[in-house]
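*Asks:* Mind having a look at this structure? Questions to follow.
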Amino acid sequence: VWQCSLEYIQLMTSKKVVNKGKAPPAVLRRTMTTLCVGMIAAAQNGIRTGVFEAASFCLLVMLLWKRSTMKKRKKKKVRFSELTMLVFGLFYCGYLPTFWIRLRGVSLVPPVPPPDFIAGLLNWLQVEWTVGLLATFIVAANIVAADTGAFIGGKLMGSTPLISISPNKTVEGAAWGFAASLGVTLLFNNWLKFPGNLGVAIAFAVVVYAASLFGDLIESSMKRAAGKKDSGQLLPGHGGLLDRFDSYLFTGVLAYAVVYWWFYWCGTPLSQLIITPPR
């Protein structure tokens, strides 16, 4: 989260973006990064209500105070671009990742026990077999399958552009990606009975794939606005961490929503669906 927020700041403070608005002061940018990490720590400890709102309030108060203390009159003005960069940065790099912790923290026990080799591994790691653990793994496997399927499908059959924001993406690649994602979901639904209903499994695959594709396109649009090919250079040949995890950011939110409402509708006690520290 720390690295992703730094890469987000690099995109938002690029010359191409700053020429159209104004970047927040450096101290505010550093504070935003720290607050993003703090939101993750809070979620890990079961604190989920009001954290994003409180962090946003603190940042905006700091921005107003910082601008009011500037000596030059022109620098005292607060630009709308500063407000949006800070609040969206908190949302994008801090709030969204907390839903992976919420998803992992669902303590409901799956209807089917794990296979022997998985049970042995969990026992060695001292980790409990829960819906949260299973759902987190399946969502991650879906994203990997979707990316792999989209890459192969695009190489073999790609000819129809999907969207102008990302010229390399094709309709054919997207179709292959969805097919791979759906296949993984149905495999686990048949093997480990998660989510245990064919219709919900299909809906789960649709939601996860749509969220992963949307997350990829959002980051592509930010890079295009910044005039950058990659969000960073941390991973040679692959760009930055944000380039690797853009598909995961929005996925955790929607995956958690599907798991939460499906099991709640099935009559699961609320105490087993809200976030608890992963075990």
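Each chain in the structure tokens gets a letter, A, B and so on, in the order shown; residues start at 1 in every chain, and ligands are counted from 1 in the order they appear.
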So that I can see what lies close to Ile165 in chain A, please list as a VMD selection string the residues with an atom at most 9 Å from it, counting only C-alpha atoms and leaving out residues fewer than 3 positions away in the same chain.

*Replies:* chain A and resid 162 217 to 218 220 to 221 224

*Asks:* May I have all residues of range 114-153 of chain A that DSSP, computed from the backbone, assigns to helix (DSSP H, G or I), given as JSON, numbers by chain?

*Replies:* {"A": [116, 117, 118, 119, 120, 121, 122, 123, 124, 125, 131, 132, 133, 134, 135, 136, 137, 138, 139, 140, 141, 142, 143, 144, 145, 146, 147, 148, 149, 150, 151, 152, 153]}

*Asks:* Which of these, A:Leu134, A:Leu270, A:Ile163, A:Leu242, has the shortest distance to Tyr8 in chain A once you count only C-alpha atoms?

*Replies:* A:Leu242

*Asks:* List as CSV every residue of range 40-86 of chain A that is in contact with range 17-29 of chain A, defined as an atom at most 9 Å from one of its atoms (using only C-alpha atoms), together with the nearest atom pair and the distance in Å rounded to one decimal, sorted by chain and then rising number.

*Replies:*
residue,atom,partner,partner_atom,distance
A:Leu59,CA,A:Leu28,CA,6.9
A:Met62,CA,A:Leu28,CA,7.2
A:Leu63,CA,A:Leu28,CA,6.9
A:Lys66,CA,A:Pro25,CA,8.0
A:Arg67,CA,A:Pro25,CA,8.7
A:Val78,CA,A:Lys22,CA,8.8
A:Arg79,CA,A:Lys22,CA,6.5
A:Phe80,CA,A:Gly21,CA,8.1
A:Ser81,CA,A:Gly21,CA,5.7
A:Glu82,CA,A:Pro24,CA,5.0
A:Leu83,CA,A:Pro24,CA,8.0
A:Met85,CA,A:Pro24,CA,7.6
A:Leu86,CA,A:Arg29,CA,7.4

*Asks:* Taking all heavy atoms for each residue, export the selection above as a compact mmCIF listing (two decimals), in the first residue's frame.

*Replies:*
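Done, and the output landed in part-v4.txt:
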# COMPACT_ATOMS: atom_id res chain seq x y z
N LEU A 59 -7.02 15.22 6.23
CA LEU A 59 -6.26 15.70 5.09
C LEU A 59 -6.78 17.05 4.60
O LEU A 59 -5.99 17.96 4.30
CB LEU A 59 -6.33 14.69 3.94
CG LEU A 59 -5.24 13.63 3.85
CD1 LEU A 59 -5.41 12.81 2.58
CD2 LEU A 59 -3.85 14.25 3.87
N MET A 62 -5.86 19.82 6.99
CA MET A 62 -4.44 20.14 6.83
C MET A 62 -4.19 20.96 5.57
O MET A 62 -3.37 21.87 5.57
CB MET A 62 -3.62 18.85 6.79
CG MET A 62 -3.49 18.14 8.12
SD MET A 62 -2.48 16.64 7.99
CE MET A 62 -0.89 17.34 7.58
N LEU A 63 -4.91 20.62 4.50
CA LEU A 63 -4.75 21.36 3.25
C LEU A 63 -5.19 22.82 3.42
O LEU A 63 -4.48 23.75 2.99
CB LEU A 63 -5.57 20.70 2.14
CG LEU A 63 -5.57 21.41 0.79
CD1 LEU A 63 -4.16 21.49 0.20
CD2 LEU A 63 -6.51 20.70 -0.19
N LYS A 66 -2.62 24.58 5.60
CA LYS A 66 -1.36 24.79 4.89
C LYS A 66 -1.48 25.95 3.89
O LYS A 66 -0.59 26.82 3.81
CB LYS A 66 -0.97 23.51 4.16
CG LYS A 66 0.37 23.57 3.42
CD LYS A 66 1.53 23.70 4.37
CE LYS A 66 2.86 23.68 3.63
NZ LYS A 66 4.01 23.87 4.54
N ARG A 67 -2.57 25.97 3.15
CA ARG A 67 -2.74 27.04 2.17
C ARG A 67 -2.94 28.40 2.86
O ARG A 67 -2.48 29.43 2.37
CB ARG A 67 -3.95 26.74 1.27
CG ARG A 67 -3.69 25.63 0.24
CD ARG A 67 -2.59 26.01 -0.70
NE ARG A 67 -2.29 24.96 -1.68
CZ ARG A 67 -1.15 24.87 -2.33
NH1 ARG A 67 -0.18 25.74 -2.10
NH2 ARG A 67 -0.94 23.91 -3.20
N VAL A 78 -7.04 27.29 -2.63
CA VAL A 78 -7.16 25.83 -2.66
C VAL A 78 -7.82 25.44 -3.98
O VAL A 78 -8.92 25.91 -4.29
CB VAL A 78 -8.00 25.30 -1.48
CG1 VAL A 78 -8.19 23.80 -1.60
CG2 VAL A 78 -7.33 25.65 -0.16
N ARG A 79 -7.13 24.62 -4.75
CA ARG A 79 -7.67 24.20 -6.04
C ARG A 79 -8.47 22.90 -5.89
O ARG A 79 -8.16 22.05 -5.06
CB ARG A 79 -6.53 23.99 -7.04
CG ARG A 79 -5.70 25.24 -7.32
CD ARG A 79 -6.52 26.30 -8.03
NE ARG A 79 -5.76 27.51 -8.27
CZ ARG A 79 -5.01 27.72 -9.36
NH1 ARG A 79 -4.92 26.78 -10.28
NH2 ARG A 79 -4.36 28.87 -9.50
N PHE A 80 -9.47 22.77 -6.74
CA PHE A 80 -10.30 21.55 -6.72
C PHE A 80 -9.45 20.32 -7.02
O PHE A 80 -9.71 19.23 -6.50
CB PHE A 80 -11.43 21.68 -7.74
CG PHE A 80 -12.42 20.56 -7.69
CD1 PHE A 80 -13.27 20.41 -6.62
CD2 PHE A 80 -12.49 19.63 -8.72
CE1 PHE A 80 -14.18 19.37 -6.57
CE2 PHE A 80 -13.39 18.59 -8.68
CZ PHE A 80 -14.24 18.45 -7.60
N SER A 81 -8.43 20.48 -7.88
CA SER A 81 -7.55 19.35 -8.22
C SER A 81 -6.84 18.81 -6.99
O SER A 81 -6.61 17.60 -6.86
CB SER A 81 -6.53 19.78 -9.28
OG SER A 81 -5.73 20.86 -8.80
N GLU A 82 -6.49 19.69 -6.04
CA GLU A 82 -5.83 19.24 -4.82
C GLU A 82 -6.77 18.38 -3.98
O GLU A 82 -6.38 17.34 -3.43
CB GLU A 82 -5.38 20.44 -4.00
CG GLU A 82 -4.31 21.30 -4.64
CD GLU A 82 -3.94 22.48 -3.77
OE1 GLU A 82 -4.77 23.40 -3.62
OE2 GLU A 82 -2.82 22.48 -3.23
N LEU A 83 -8.01 18.83 -3.86
CA LEU A 83 -9.00 18.09 -3.08
C LEU A 83 -9.22 16.70 -3.65
O LEU A 83 -9.22 15.69 -2.93
CB LEU A 83 -10.32 18.85 -3.05
CG LEU A 83 -10.28 20.27 -2.47
CD1 LEU A 83 -11.64 20.94 -2.64
CD2 LEU A 83 -9.89 20.25 -1.01
N MET A 85 -7.30 14.92 -5.76
CA MET A 85 -6.10 14.08 -5.71
C MET A 85 -5.94 13.43 -4.35
O MET A 85 -5.64 12.23 -4.24
CB MET A 85 -4.86 14.90 -6.03
CG MET A 85 -4.66 15.22 -7.49
SD MET A 85 -3.13 16.17 -7.73
CE MET A 85 -3.34 16.70 -9.44
N LEU A 86 -6.14 14.19 -3.29
CA LEU A 86 -5.95 13.67 -1.94
C LEU A 86 -7.03 12.66 -1.55
O LEU A 86 -6.73 11.56 -1.07
CB LEU A 86 -5.92 14.82 -0.94
CG LEU A 86 -4.70 15.74 -0.98
CD1 LEU A 86 -4.89 16.93 -0.06
CD2 LEU A 86 -3.42 14.98 -0.63

*Asks:* So that I can check the surroundings of Val131 in chain A, please list as number ranges by chain every protein, DNA and RNA residue that reaches within 7 Å of it, counting only C-alpha atoms and ignoring chain neighbours fewer than 3 positions away.

*Replies:* A: 106-110, 134-135

*Asks:* Using only C-alpha atoms, which protein or nucleic acid residues come within 12 Å of Val171 in chain A? Drop anything in the same chain fewer than 4 positions from it, and give the result as a CSV table (one decimal) with C-alpha atoms, in the first residue's frame.

*Replies:*
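selection-v3.csv, written as the output of this step:
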chain,number,residue,atom,x,y,z
A,150,ALA,CA,-6.9,-12.3,-21.9
A,151,PHE,CA,-3.3,-12.4,-22.9
A,153,GLY,CA,-6.8,-14.8,-26.4
A,154,GLY,CA,-5.5,-11.4,-27.4
A,155,LYS,CA,-2.4,-12.9,-29.0
A,157,MET,CA,-7.4,-13.9,-32.0
A,158,GLY,CA,-7.3,-10.2,-30.9
A,159,SER,CA,-8.5,-7.9,-33.7
A,160,THR,CA,-11.3,-5.7,-32.3
A,161,PRO,CA,-10.2,-2.9,-29.9
A,162,LEU,CA,-12.1,-3.0,-26.6
A,163,ILE,CA,-11.7,0.7,-25.5
A,164,SER,CA,-9.6,3.7,-26.5
A,166,SER,CA,-6.1,0.9,-23.4
A,167,PRO,CA,-5.4,0.3,-27.1
A,175,ALA,CA,-13.9,-12.8,-23.8
A,176,TRP,CA,-11.1,-15.3,-23.3
A,177,GLY,CA,-10.3,-13.6,-20.0
A,178,PHE,CA,-13.9,-13.9,-18.8
A,213,LEU,CA,-11.0,-5.3,-15.9
